[in-house]
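Data first, discussion second: the structure below is written as structure tokens.
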Amino acid sequence: MEIRHLILICAFLGLCGCANWPQVPGDTNTTYVKIEKTVSEFEAEGTKWGKALLKDRNLRPGDTNPDFVKRINDIDYFQVHSELKDAFKKGFRLGYEDRIADLILGPHIRAAAGEVGVTTSNKMITLINNFDQSWDDTLRRVIDVFIVLISEGSKADRDLFIKKFNDGYVAKYNQFISDKSTEINKKGKTEGGTSYVLPKGLNALTMPDPDVVKNEIYYQAFTVMGDEWGRRYSTNLVKRDELIDMLRRSKPALDEIHGDNVKLIYTAFIASYGSDGDEIFKSITKEAGFKAFK
């Protein structure tokens, strides 16, 4: 058969609407198409699939055809109005032409619901993972900037940094706290329209208190500084007098927030420096003008 004849035949089949037929078991060439959300369309879709599965005599009650399971979700079965669901089930019964039609259809609907559960869970996990990564990256950048302000900037520089941070964050945080729930209007996206009111407990993002974030910035900055100083000093990348000078310049920032902040640097320093880190750091802090600590 010549290629031009094949083209004509394929075009004819397309005009006849064969591309809209459901996938008959064993036929992997059928293309799925979107259907209108009307009673007639859903009933027709159900009838087509009922006829298709009736031909598969190997399909027993409790078994599932993966193509039909996929199609149930393709037509948004679980998102449409109950009238459309009923039309789809009615059509399937008409097409299957057997008293066990419901025993065939039921497991497929359950399997489709299971697929929605898996897909939804994976999407939620992806969203949360992406948010967590973005949150971590943002905090690291903030901490890197703040470390520079601790060792090189003035108190006024750090105050301005925290103020600018708070200007935006506090406003959003206050709005977050004042909202008892978040209303998501789904009208127009499902048949008949539905409004969902989701409690804050279902929000994947629970905003930390601004003071918690500010304290964490200081905490992480001091910890990172201690770790970096310990590693650099142990490999001779920074001299003793340079480290003493950095500690002196950091003293104002260490006094700005409550807590044993020198101890944070000390703990991270000895962890990265290794043996003798304890005595070395204590002698350095003494020369830098800090009070002795245990």
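Just so we're on the same page: first chain in the structure tokens is A, next is B, and so on; residues restart at 1 for each chain, and ligands are numbered from 1 in the order they show up.
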Exercise for the section: Tell me which protein, DNA and RNA residues are within 10 Å of Asp74 of chain A, counting only C-alpha atoms, leaving out same-chain ones fewer than 5 positions away, and put them as a ChimeraX atom specification. Expected result: /A:32-35,68-69,112
Tell me, as a CSV table (one decimal) with C-alpha atoms, in the first residue's frame, which residues lie within 12 Å of Leu103 of chain A, counting only C-alpha atoms; anything in the same chain fewer than 5 positions away does not count.
```
chain,number,residue,atom,x,y,z
A,50,GLY,CA,-18.4,-0.1,28.9
A,59,LEU,CA,-11.2,-8.8,32.9
A,60,ARG,CA,-12.8,-10.2,36.0
A,61,PRO,CA,-14.6,-8.3,38.8
A,62,GLY,CA,-12.0,-6.8,41.0
A,63,ASP,CA,-9.5,-6.5,38.2
A,64,THR,CA,-8.6,-3.1,36.7
A,89,LYS,CA,-21.9,5.4,35.4
A,92,PHE,CA,-20.9,2.5,31.4
A,93,ARG,CA,-23.8,0.2,32.4
A,96,TYR,CA,-21.1,-3.1,29.3
A,98,ASP,CA,-24.0,-7.2,31.7
A,108,HIS,CA,-11.8,1.2,38.5
A,109,ILE,CA,-13.2,4.2,40.4
A,110,ARG,CA,-11.5,3.1,43.6
```
Handout entry: Between atom CA of Asn129 of chain A and atom CA of Leu264 of chain A - distance in Å to one decimal
Key = 28.9 Å
Exercise for the section: For Tyr273 of chain A, list every protein, DNA or RNA residue within 7 Å, evaluated using only C-alpha atoms, and leave out those in the same chain fewer than 3 positions away; present the list as a ChimeraX atom specification. Expected result: /A:230-231,234,269-270,277
Problem - Near-Asn166 of chain A list (12 Å; only C-alpha atoms; drop same-chain fewer than 4 positions) as a PyMOL selection string - result: chain A and resi 159-162+170-174+209-214
Exercise for the section: Could you please write out, as an MDAnalysis selection string, every residue of segment 74-285 of chain A that DSSP assigns to strand (DSSP E or B)? Expected result: chainID A and resid 181:185 187 190 195:199
Problem - For Gln175 of chain A, the nearest of the candidates A:Met207, A:His81, A:Lys123, A:Leu54, counting only C-alpha atoms - result: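 Smallest separation from Gln175 of chain A among the options: A:Met207.
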Problem - Among the residues A:Ile104, A:Val145, A:Val262, A:Met225, the one that comes closest to Ala292 of chain A [using only C-alpha atoms] - result: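 Going through A:Ile104, A:Val145, A:Val262, A:Met225 one by one, the smallest distance to Ala292 of chain A is for A:Val262.
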Exercise for the section: Give me the residues within 12 Å of Ser154 of chain A as a PyMOL selection string, counting only C-alpha atoms and dropping any in the same chain fewer than 3 places off. Expected result: chain A and resi 146-151+157-161+249-253+256
Residues just named, written with N, CA and C atoms as an mmCIF file, in the first residue's frame:
```cif
data_model
loop_
_atom_site.group_PDB
_atom_site.id
_atom_site.type_symbol
_atom_site.label_atom_id
_atom_site.label_comp_id
_atom_site.auth_asym_id
_atom_site.auth_seq_id
_atom_site.Cartn_x
_atom_site.Cartn_y
_atom_site.Cartn_z
ATOM 1 N N PHE A 146 24.722 39.021 57.301
ATOM 2 C CA PHE A 146 24.768 39.456 58.697
ATOM 3 C C PHE A 146 26.145 39.203 59.313
ATOM 4 N N ILE A 147 26.812 38.125 58.893
ATOM 5 C CA ILE A 147 28.163 37.855 59.395
ATOM 6 C C ILE A 147 29.105 38.999 59.029
ATOM 7 N N VAL A 148 28.960 39.507 57.805
ATOM 8 C CA VAL A 148 29.778 40.646 57.379
ATOM 9 C C VAL A 148 29.470 41.865 58.246
ATOM 10 N N LEU A 149 28.177 42.069 58.541
ATOM 11 C CA LEU A 149 27.794 43.226 59.368
ATOM 12 C C LEU A 149 28.306 43.086 60.801
ATOM 13 N N ILE A 150 28.415 41.848 61.279
ATOM 14 C CA ILE A 150 28.926 41.628 62.629
ATOM 15 C C ILE A 150 30.405 41.972 62.717
ATOM 16 N N SER A 151 31.173 41.495 61.740
ATOM 17 C CA SER A 151 32.625 41.667 61.805
ATOM 18 C C SER A 151 33.113 42.979 61.202
ATOM 19 N N ASP A 157 24.392 49.781 61.299
ATOM 20 C CA ASP A 157 24.222 48.946 60.102
ATOM 21 C C ASP A 157 23.333 47.741 60.417
ATOM 22 N N ARG A 158 23.623 47.112 61.550
ATOM 23 C CA ARG A 158 22.837 45.923 61.916
ATOM 24 C C ARG A 158 21.405 46.289 62.275
ATOM 25 N N ASP A 159 21.237 47.425 62.954
ATOM 26 C CA ASP A 159 19.888 47.876 63.300
ATOM 27 C C ASP A 159 19.059 48.144 62.056
ATOM 28 N N LEU A 160 19.673 48.764 61.057
ATOM 29 C CA LEU A 160 18.960 49.064 59.809
ATOM 30 C C LEU A 160 18.596 47.770 59.086
ATOM 31 N N PHE A 161 19.521 46.828 59.098
ATOM 32 C CA PHE A 161 19.276 45.534 58.463
ATOM 33 C C PHE A 161 18.059 44.856 59.088
ATOM 34 N N ARG A 249 36.076 43.153 67.021
ATOM 35 C CA ARG A 249 35.105 43.885 66.211
ATOM 36 C C ARG A 249 33.706 43.299 66.317
ATOM 37 N N SER A 250 33.631 42.033 66.715
ATOM 38 C CA SER A 250 32.332 41.361 66.845
ATOM 39 C C SER A 250 31.696 41.575 68.207
ATOM 40 N N LYS A 251 32.460 42.099 69.157
ATOM 41 C CA LYS A 251 31.979 42.219 70.539
ATOM 42 C C LYS A 251 30.668 43.004 70.659
ATOM 43 N N PRO A 252 30.516 44.158 69.972
ATOM 44 C CA PRO A 252 29.236 44.880 70.093
ATOM 45 C C PRO A 252 28.033 44.031 69.681
ATOM 46 N N ALA A 253 28.192 43.273 68.599
ATOM 47 C CA ALA A 253 27.086 42.439 68.124
ATOM 48 C C ALA A 253 26.795 41.310 69.112
ATOM 49 N N GLU A 256 24.414 42.453 71.731
ATOM 50 C CA GLU A 256 23.136 43.029 71.307
ATOM 51 C C GLU A 256 21.942 42.141 71.597
#
```
Exercise for the section: Kindly indicate which residue among A:Ala52, A:Ile143, A:Ala87, A:Met246 lies nearest to Ser40 of chain A, using only C-alpha atoms for the distances. Expected result: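 So, comparing all the options, the nearest one is A:Ala87.
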What parts of segment 137-287 of chain A does DSSP call alpha helix (DSSP H)? I'd like the answer as an mmCIF file with N, CA and C atoms, in the first residue's frame.
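Result saved to part-v2.cif:
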```
data_model
loop_
_atom_site.group_PDB
_atom_site.id
_atom_site.type_symbol
_atom_site.label_atom_id
_atom_site.label_comp_id
_atom_site.auth_asym_id
_atom_site.auth_seq_id
_atom_site.Cartn_x
_atom_site.Cartn_y
_atom_site.Cartn_z
ATOM 1 N N ASP A 137 17.877 28.443 51.491
ATOM 2 C CA ASP A 137 18.769 29.269 50.670
ATOM 3 C C ASP A 137 18.664 30.736 51.061
ATOM 4 N N THR A 138 17.436 31.202 51.311
ATOM 5 C CA THR A 138 17.220 32.600 51.691
ATOM 6 C C THR A 138 17.851 32.904 53.044
ATOM 7 N N LEU A 139 17.663 31.993 54.017
ATOM 8 C CA LEU A 139 18.253 32.192 55.337
ATOM 9 C C LEU A 139 19.782 32.197 55.265
ATOM 10 N N ARG A 140 20.348 31.310 54.448
ATOM 11 C CA ARG A 140 21.810 31.279 54.317
ATOM 12 C C ARG A 140 22.336 32.604 53.777
ATOM 13 N N ARG A 141 21.632 33.153 52.800
ATOM 14 C CA ARG A 141 22.055 34.437 52.230
ATOM 15 C C ARG A 141 21.961 35.540 53.284
ATOM 16 N N VAL A 142 20.874 35.542 54.068
ATOM 17 C CA VAL A 142 20.713 36.534 55.140
ATOM 18 C C VAL A 142 21.846 36.404 56.158
ATOM 19 N N ILE A 143 22.153 35.170 56.529
ATOM 20 C CA ILE A 143 23.199 34.928 57.528
ATOM 21 C C ILE A 143 24.564 35.370 57.017
ATOM 22 N N ASP A 144 24.841 35.079 55.730
ATOM 23 C CA ASP A 144 26.116 35.501 55.143
ATOM 24 C C ASP A 144 26.280 37.018 55.211
ATOM 25 N N VAL A 145 25.188 37.725 54.880
ATOM 26 C CA VAL A 145 25.236 39.190 54.934
ATOM 27 C C VAL A 145 25.425 39.657 56.373
ATOM 28 N N PHE A 146 24.722 39.021 57.301
ATOM 29 C CA PHE A 146 24.768 39.456 58.697
ATOM 30 C C PHE A 146 26.145 39.203 59.313
ATOM 31 N N ILE A 147 26.812 38.125 58.893
ATOM 32 C CA ILE A 147 28.163 37.855 59.395
ATOM 33 C C ILE A 147 29.105 38.999 59.029
ATOM 34 N N VAL A 148 28.960 39.507 57.805
ATOM 35 C CA VAL A 148 29.778 40.646 57.379
ATOM 36 C C VAL A 148 29.470 41.865 58.246
ATOM 37 N N LEU A 149 28.177 42.069 58.541
ATOM 38 C CA LEU A 149 27.794 43.226 59.368
ATOM 39 C C LEU A 149 28.306 43.086 60.801
ATOM 40 N N ILE A 150 28.415 41.848 61.279
ATOM 41 C CA ILE A 150 28.926 41.628 62.629
ATOM 42 C C ILE A 150 30.405 41.972 62.717
ATOM 43 N N SER A 151 31.173 41.495 61.740
ATOM 44 C CA SER A 151 32.625 41.667 61.805
ATOM 45 C C SER A 151 33.113 42.979 61.202
ATOM 46 N N GLU A 152 32.323 43.575 60.321
ATOM 47 C CA GLU A 152 32.802 44.772 59.632
ATOM 48 C C GLU A 152 31.887 45.984 59.812
ATOM 49 N N LYS A 155 26.804 48.999 64.730
ATOM 50 C CA LYS A 155 25.499 48.668 65.301
ATOM 51 C C LYS A 155 24.386 49.302 64.479
ATOM 52 N N ALA A 156 24.627 50.516 63.969
ATOM 53 C CA ALA A 156 23.627 51.178 63.135
ATOM 54 C C ALA A 156 23.350 50.378 61.872
ATOM 55 N N ASP A 157 24.392 49.781 61.299
ATOM 56 C CA ASP A 157 24.222 48.946 60.102
ATOM 57 C C ASP A 157 23.333 47.741 60.417
ATOM 58 N N ARG A 158 23.623 47.112 61.550
ATOM 59 C CA ARG A 158 22.837 45.923 61.916
ATOM 60 C C ARG A 158 21.405 46.289 62.275
ATOM 61 N N ASP A 159 21.237 47.425 62.954
ATOM 62 C CA ASP A 159 19.888 47.876 63.300
ATOM 63 C C ASP A 159 19.059 48.144 62.056
ATOM 64 N N LEU A 160 19.673 48.764 61.057
ATOM 65 C CA LEU A 160 18.960 49.064 59.809
ATOM 66 C C LEU A 160 18.596 47.770 59.086
ATOM 67 N N PHE A 161 19.521 46.828 59.098
ATOM 68 C CA PHE A 161 19.276 45.534 58.463
ATOM 69 C C PHE A 161 18.059 44.856 59.088
ATOM 70 N N ILE A 162 18.026 44.781 60.425
ATOM 71 C CA ILE A 162 16.915 44.135 61.128
ATOM 72 C C ILE A 162 15.616 44.911 60.911
ATOM 73 N N LYS A 163 15.692 46.243 60.905
ATOM 74 C CA LYS A 163 14.495 47.067 60.700
ATOM 75 C C LYS A 163 13.899 46.809 59.321
ATOM 76 N N LYS A 164 14.756 46.817 58.307
ATOM 77 C CA LYS A 164 14.262 46.592 56.940
ATOM 78 C C LYS A 164 13.673 45.188 56.797
ATOM 79 N N PHE A 165 14.297 44.249 57.473
ATOM 80 C CA PHE A 165 13.761 42.890 57.461
ATOM 81 C C PHE A 165 12.382 42.861 58.098
ATOM 82 N N ASN A 166 12.274 43.493 59.253
ATOM 83 C CA ASN A 166 11.013 43.486 59.993
ATOM 84 C C ASN A 166 9.889 44.216 59.275
ATOM 85 N N ASP A 167 10.223 45.282 58.548
ATOM 86 C CA ASP A 167 9.192 46.076 57.871
ATOM 87 C C ASP A 167 8.275 45.198 57.031
ATOM 88 N N GLY A 168 8.870 44.307 56.250
ATOM 89 C CA GLY A 168 8.059 43.439 55.394
ATOM 90 C C GLY A 168 7.559 42.207 56.107
ATOM 91 N N TYR A 169 8.434 41.578 56.882
ATOM 92 C CA TYR A 169 8.095 40.306 57.502
ATOM 93 C C TYR A 169 7.007 40.454 58.558
ATOM 94 N N VAL A 170 7.131 41.482 59.400
ATOM 95 C CA VAL A 170 6.163 41.669 60.483
ATOM 96 C C VAL A 170 4.768 41.944 59.937
ATOM 97 N N ALA A 171 4.703 42.724 58.843
ATOM 98 C CA ALA A 171 3.399 43.034 58.246
ATOM 99 C C ALA A 171 2.702 41.755 57.783
ATOM 100 N N LYS A 172 3.452 40.888 57.126
ATOM 101 C CA LYS A 172 2.876 39.625 56.657
ATOM 102 C C LYS A 172 2.539 38.718 57.828
ATOM 103 N N TYR A 173 3.395 38.714 58.834
ATOM 104 C CA TYR A 173 3.166 37.868 60.003
ATOM 105 C C TYR A 173 1.897 38.284 60.736
ATOM 106 N N ASN A 174 1.690 39.580 60.908
ATOM 107 C CA ASN A 174 0.489 40.070 61.590
ATOM 108 C C ASN A 174 -0.773 39.706 60.820
ATOM 109 N N GLN A 175 -0.691 39.784 59.507
ATOM 110 C CA GLN A 175 -1.833 39.393 58.679
ATOM 111 C C GLN A 175 -2.097 37.898 58.833
ATOM 112 N N PHE A 176 -1.022 37.126 58.872
ATOM 113 C CA PHE A 176 -1.127 35.672 59.026
ATOM 114 C C PHE A 176 -1.812 35.305 60.345
ATOM 115 N N ILE A 177 -1.428 35.987 61.412
ATOM 116 C CA ILE A 177 -1.989 35.700 62.731
ATOM 117 C C ILE A 177 -3.451 36.127 62.821
ATOM 118 N N SER A 178 -3.787 37.279 62.218
ATOM 119 C CA SER A 178 -5.145 37.808 62.344
ATOM 120 C C SER A 178 -6.163 37.000 61.545
ATOM 121 N N PRO A 210 8.492 36.873 64.328
ATOM 122 C CA PRO A 210 9.622 37.700 63.874
ATOM 123 C C PRO A 210 10.812 37.665 64.820
ATOM 124 N N ASP A 211 10.555 37.677 66.131
ATOM 125 C CA ASP A 211 11.665 37.623 67.091
ATOM 126 C C ASP A 211 12.407 36.291 67.014
ATOM 127 N N VAL A 212 11.660 35.226 66.740
ATOM 128 C CA VAL A 212 12.292 33.913 66.596
ATOM 129 C C VAL A 212 13.242 33.925 65.406
ATOM 130 N N VAL A 213 12.786 34.526 64.311
ATOM 131 C CA VAL A 213 13.630 34.601 63.113
ATOM 132 C C VAL A 213 14.856 35.465 63.380
ATOM 133 N N LYS A 214 14.643 36.615 64.026
ATOM 134 C CA LYS A 214 15.766 37.514 64.316
ATOM 135 C C LYS A 214 16.794 36.807 65.195
ATOM 136 N N ASN A 215 16.327 36.155 66.255
ATOM 137 C CA ASN A 215 17.240 35.442 67.150
ATOM 138 C C ASN A 215 17.978 34.323 66.420
ATOM 139 N N GLU A 216 17.255 33.672 65.495
ATOM 140 C CA GLU A 216 17.882 32.580 64.744
ATOM 141 C C GLU A 216 18.960 33.114 63.811
ATOM 142 N N ILE A 217 18.746 34.308 63.264
ATOM 143 C CA ILE A 217 19.768 34.918 62.414
ATOM 144 C C ILE A 217 21.049 35.137 63.211
ATOM 145 N N TYR A 218 20.890 35.698 64.412
ATOM 146 C CA TYR A 218 22.056 35.891 65.284
ATOM 147 C C TYR A 218 22.691 34.539 65.631
ATOM 148 N N TYR A 219 21.862 33.598 66.071
ATOM 149 C CA TYR A 219 22.350 32.290 66.499
ATOM 150 C C TYR A 219 23.140 31.606 65.383
ATOM 151 N N GLN A 220 22.546 31.561 64.188
ATOM 152 C CA GLN A 220 23.207 30.902 63.065
ATOM 153 C C GLN A 220 24.471 31.651 62.655
ATOM 154 N N ALA A 221 24.415 32.978 62.692
ATOM 155 C CA ALA A 221 25.583 33.775 62.311
ATOM 156 C C ALA A 221 26.755 33.478 63.237
ATOM 157 N N PHE A 222 26.502 33.462 64.557
ATOM 158 C CA PHE A 222 27.589 33.199 65.508
ATOM 159 C C PHE A 222 28.110 31.769 65.354
ATOM 160 N N THR A 223 27.212 30.836 65.128
ATOM 161 C CA THR A 223 27.616 29.441 64.961
ATOM 162 C C THR A 223 28.466 29.264 63.710
ATOM 163 N N VAL A 224 28.033 29.862 62.607
ATOM 164 C CA VAL A 224 28.790 29.770 61.354
ATOM 165 C C VAL A 224 30.155 30.439 61.503
ATOM 166 N N MET A 225 30.182 31.581 62.196
ATOM 167 C CA MET A 225 31.449 32.275 62.416
ATOM 168 C C MET A 225 32.435 31.383 63.175
ATOM 169 N N GLY A 226 31.957 30.763 64.253
ATOM 170 C CA GLY A 226 32.829 29.888 65.028
ATOM 171 C C GLY A 226 33.355 28.728 64.213
ATOM 172 N N ASP A 227 32.472 28.123 63.415
ATOM 173 C CA ASP A 227 32.869 26.998 62.572
ATOM 174 C C ASP A 227 33.918 27.433 61.546
ATOM 175 N N GLU A 228 33.671 28.570 60.904
ATOM 176 C CA GLU A 228 34.597 29.063 59.880
ATOM 177 C C GLU A 228 35.938 29.442 60.490
ATOM 178 N N TRP A 229 35.909 30.107 61.629
ATOM 179 C CA TRP A 229 37.167 30.499 62.280
ATOM 180 C C TRP A 229 37.978 29.272 62.696
ATOM 181 N N GLY A 230 37.295 28.266 63.231
ATOM 182 C CA GLY A 230 37.997 27.053 63.636
ATOM 183 C C GLY A 230 38.662 26.366 62.466
ATOM 184 N N ARG A 231 37.957 26.254 61.346
ATOM 185 C CA ARG A 231 38.518 25.594 60.159
ATOM 186 C C ARG A 231 39.679 26.407 59.579
ATOM 187 N N ARG A 232 39.485 27.715 59.505
ATOM 188 C CA ARG A 232 40.532 28.564 58.915
ATOM 189 C C ARG A 232 41.776 28.621 59.796
ATOM 190 N N TYR A 233 41.568 28.688 61.118
ATOM 191 C CA TYR A 233 42.718 28.770 62.016
ATOM 192 C C TYR A 233 43.491 27.447 62.051
ATOM 193 N N SER A 234 42.767 26.335 61.940
ATOM 194 C CA SER A 234 43.425 25.018 61.978
ATOM 195 C C SER A 234 44.252 24.760 60.725
ATOM 196 N N ARG A 240 46.616 34.410 64.210
ATOM 197 C CA ARG A 240 46.085 34.595 65.549
ATOM 198 C C ARG A 240 45.670 36.048 65.794
ATOM 199 N N ASP A 241 46.521 36.997 65.390
ATOM 200 C CA ASP A 241 46.194 38.400 65.629
ATOM 201 C C ASP A 241 44.982 38.848 64.812
ATOM 202 N N GLU A 242 44.789 38.230 63.631
ATOM 203 C CA GLU A 242 43.615 38.545 62.818
ATOM 204 C C GLU A 242 42.339 38.032 63.495
ATOM 205 N N LEU A 243 42.428 36.848 64.071
ATOM 206 C CA LEU A 243 41.277 36.264 64.752
ATOM 207 C C LEU A 243 40.919 37.080 65.992
ATOM 208 N N ILE A 244 41.933 37.536 66.717
ATOM 209 C CA ILE A 244 41.705 38.382 67.886
ATOM 210 C C ILE A 244 41.019 39.680 67.469
ATOM 211 N N ASP A 245 41.460 40.242 66.345
ATOM 212 C CA ASP A 245 40.877 41.493 65.862
ATOM 213 C C ASP A 245 39.419 41.289 65.457
ATOM 214 N N MET A 246 39.117 40.166 64.807
ATOM 215 C CA MET A 246 37.741 39.878 64.399
ATOM 216 C C MET A 246 36.839 39.719 65.612
ATOM 217 N N LEU A 247 37.363 39.087 66.665
ATOM 218 C CA LEU A 247 36.578 38.929 67.892
ATOM 219 C C LEU A 247 36.294 40.282 68.537
ATOM 220 N N ARG A 248 37.286 41.154 68.552
ATOM 221 C CA ARG A 248 37.097 42.482 69.131
ATOM 222 C C ARG A 248 36.021 43.253 68.370
ATOM 223 N N ARG A 249 36.076 43.153 67.021
ATOM 224 C CA ARG A 249 35.105 43.885 66.211
ATOM 225 C C ARG A 249 33.706 43.299 66.317
ATOM 226 N N SER A 250 33.631 42.033 66.715
ATOM 227 C CA SER A 250 32.332 41.361 66.845
ATOM 228 C C SER A 250 31.696 41.575 68.207
ATOM 229 N N LYS A 251 32.460 42.099 69.157
ATOM 230 C CA LYS A 251 31.979 42.219 70.539
ATOM 231 C C LYS A 251 30.668 43.004 70.659
ATOM 232 N N PRO A 252 30.516 44.158 69.972
ATOM 233 C CA PRO A 252 29.236 44.880 70.093
ATOM 234 C C PRO A 252 28.033 44.031 69.681
ATOM 235 N N ALA A 253 28.192 43.273 68.599
ATOM 236 C CA ALA A 253 27.086 42.439 68.124
ATOM 237 C C ALA A 253 26.795 41.310 69.112
ATOM 238 N N LEU A 254 27.842 40.787 69.744
ATOM 239 C CA LEU A 254 27.656 39.701 70.711
ATOM 240 C C LEU A 254 26.878 40.156 71.934
ATOM 241 N N ASN A 261 26.375 34.226 73.673
ATOM 242 C CA ASN A 261 26.723 34.205 72.264
ATOM 243 C C ASN A 261 28.174 33.810 72.016
ATOM 244 N N VAL A 262 29.084 34.208 72.939
ATOM 245 C CA VAL A 262 30.484 33.793 72.797
ATOM 246 C C VAL A 262 30.579 32.271 72.889
ATOM 247 N N LYS A 263 29.726 31.700 73.707
ATOM 248 C CA LYS A 263 29.721 30.234 73.867
ATOM 249 C C LYS A 263 29.309 29.559 72.555
ATOM 250 N N LEU A 264 28.437 30.202 71.793
ATOM 251 C CA LEU A 264 28.044 29.650 70.496
ATOM 252 C C LEU A 264 29.247 29.573 69.562
ATOM 253 N N ILE A 265 29.999 30.670 69.518
ATOM 254 C CA ILE A 265 31.195 30.696 68.672
ATOM 255 C C ILE A 265 32.210 29.675 69.182
ATOM 256 N N TYR A 266 32.371 29.646 70.484
ATOM 257 C CA TYR A 266 33.332 28.726 71.120
ATOM 258 C C TYR A 266 33.006 27.269 70.785
ATOM 259 N N THR A 267 31.744 26.883 70.931
ATOM 260 C CA THR A 267 31.343 25.493 70.679
ATOM 261 C C THR A 267 31.599 25.095 69.232
ATOM 262 N N ALA A 268 31.235 25.984 68.296
ATOM 263 C CA ALA A 268 31.452 25.689 66.872
ATOM 264 C C ALA A 268 32.940 25.693 66.531
ATOM 265 N N PHE A 269 33.689 26.565 67.182
ATOM 266 C CA PHE A 269 35.124 26.683 66.917
ATOM 267 C C PHE A 269 35.858 25.390 67.271
ATOM 268 N N ILE A 270 35.624 24.899 68.497
ATOM 269 C CA ILE A 270 36.364 23.705 68.915
ATOM 270 C C ILE A 270 35.908 22.467 68.142
ATOM 271 N N ALA A 271 34.646 22.473 67.669
ATOM 272 C CA ALA A 271 34.148 21.328 66.896
ATOM 273 C C ALA A 271 34.864 21.223 65.558
ATOM 274 N N SER A 272 35.159 22.372 64.946
ATOM 275 C CA SER A 272 35.822 22.351 63.638
ATOM 276 C C SER A 272 37.347 22.388 63.753
ATOM 277 N N TYR A 273 37.860 22.952 64.860
ATOM 278 C CA TYR A 273 39.318 23.024 65.021
ATOM 279 C C TYR A 273 39.902 21.672 65.419
ATOM 280 N N GLY A 277 41.407 22.891 70.709
ATOM 281 C CA GLY A 277 40.574 24.027 70.326
ATOM 282 C C GLY A 277 40.042 24.777 71.528
ATOM 283 N N ASP A 278 39.761 24.043 72.595
ATOM 284 C CA ASP A 278 39.212 24.664 73.798
ATOM 285 C C ASP A 278 40.176 25.700 74.384
ATOM 286 N N GLU A 279 41.396 25.294 74.655
ATOM 287 C CA GLU A 279 42.376 26.201 75.268
ATOM 288 C C GLU A 279 42.754 27.335 74.322
ATOM 289 N N ILE A 280 42.875 27.016 73.036
ATOM 290 C CA ILE A 280 43.253 28.040 72.055
ATOM 291 C C ILE A 280 42.194 29.140 71.998
ATOM 292 N N PHE A 281 40.928 28.752 71.924
ATOM 293 C CA PHE A 281 39.870 29.761 71.815
ATOM 294 C C PHE A 281 39.783 30.606 73.087
ATOM 295 N N LYS A 282 39.912 29.972 74.254
ATOM 296 C CA LYS A 282 39.833 30.710 75.502
ATOM 297 C C LYS A 282 40.966 31.718 75.633
ATOM 298 N N SER A 283 42.150 31.362 75.179
ATOM 299 C CA SER A 283 43.270 32.300 75.240
ATOM 300 C C SER A 283 43.078 33.463 74.265
ATOM 301 N N ILE A 284 42.480 33.159 73.117
ATOM 302 C CA ILE A 284 42.217 34.208 72.123
ATOM 303 C C ILE A 284 41.165 35.184 72.641
ATOM 304 N N THR A 285 40.095 34.658 73.229
ATOM 305 C CA THR A 285 39.052 35.545 73.749
ATOM 306 C C THR A 285 39.580 36.396 74.900
ATOM 307 N N LYS A 286 40.479 35.845 75.666
ATOM 308 C CA LYS A 286 41.067 36.619 76.785
ATOM 309 C C LYS A 286 41.865 37.802 76.240
ATOM 310 N N GLU A 287 42.640 37.561 75.187
ATOM 311 C CA GLU A 287 43.427 38.642 74.571
ATOM 312 C C GLU A 287 42.537 39.659 73.876
#
```
Handout entry: Between atom CA of Trp49 of chain A and atom CA of Gly91 of chain A - distance in Å to one decimal
Key =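 Atom-to-atom, atom CA of Gly91 of chain A and atom CA of Trp49 of chain A are spaced 8.5 Å apart.
Rounded to one decimal, atom CA of Asn122 of chain A and atom CA of Phe78 of chain A lie 18.0 Å from each other.
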Practice task
Please identify all polymer residues within 12 Å of Ile128 of chain A, counting only C-alpha atoms, omitting same-chain residues fewer than 5 positions from it, and present them as a PyMOL selection string.
Solution key: chain A and resi 121-123+133-135+203-206
Problem - Which of A:Thr126, A:Thr235, A:Thr38, A:Asn58 sits closest to Ser82 of chain A [using only C-alpha atoms] - result: A:Thr38
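The smallest atom-to-atom distance between Val39 of chain A and any of A:Asp56, A:Asp86, A:Asp102, A:Asp67, using only C-alpha atoms, is found for A:Asp86.
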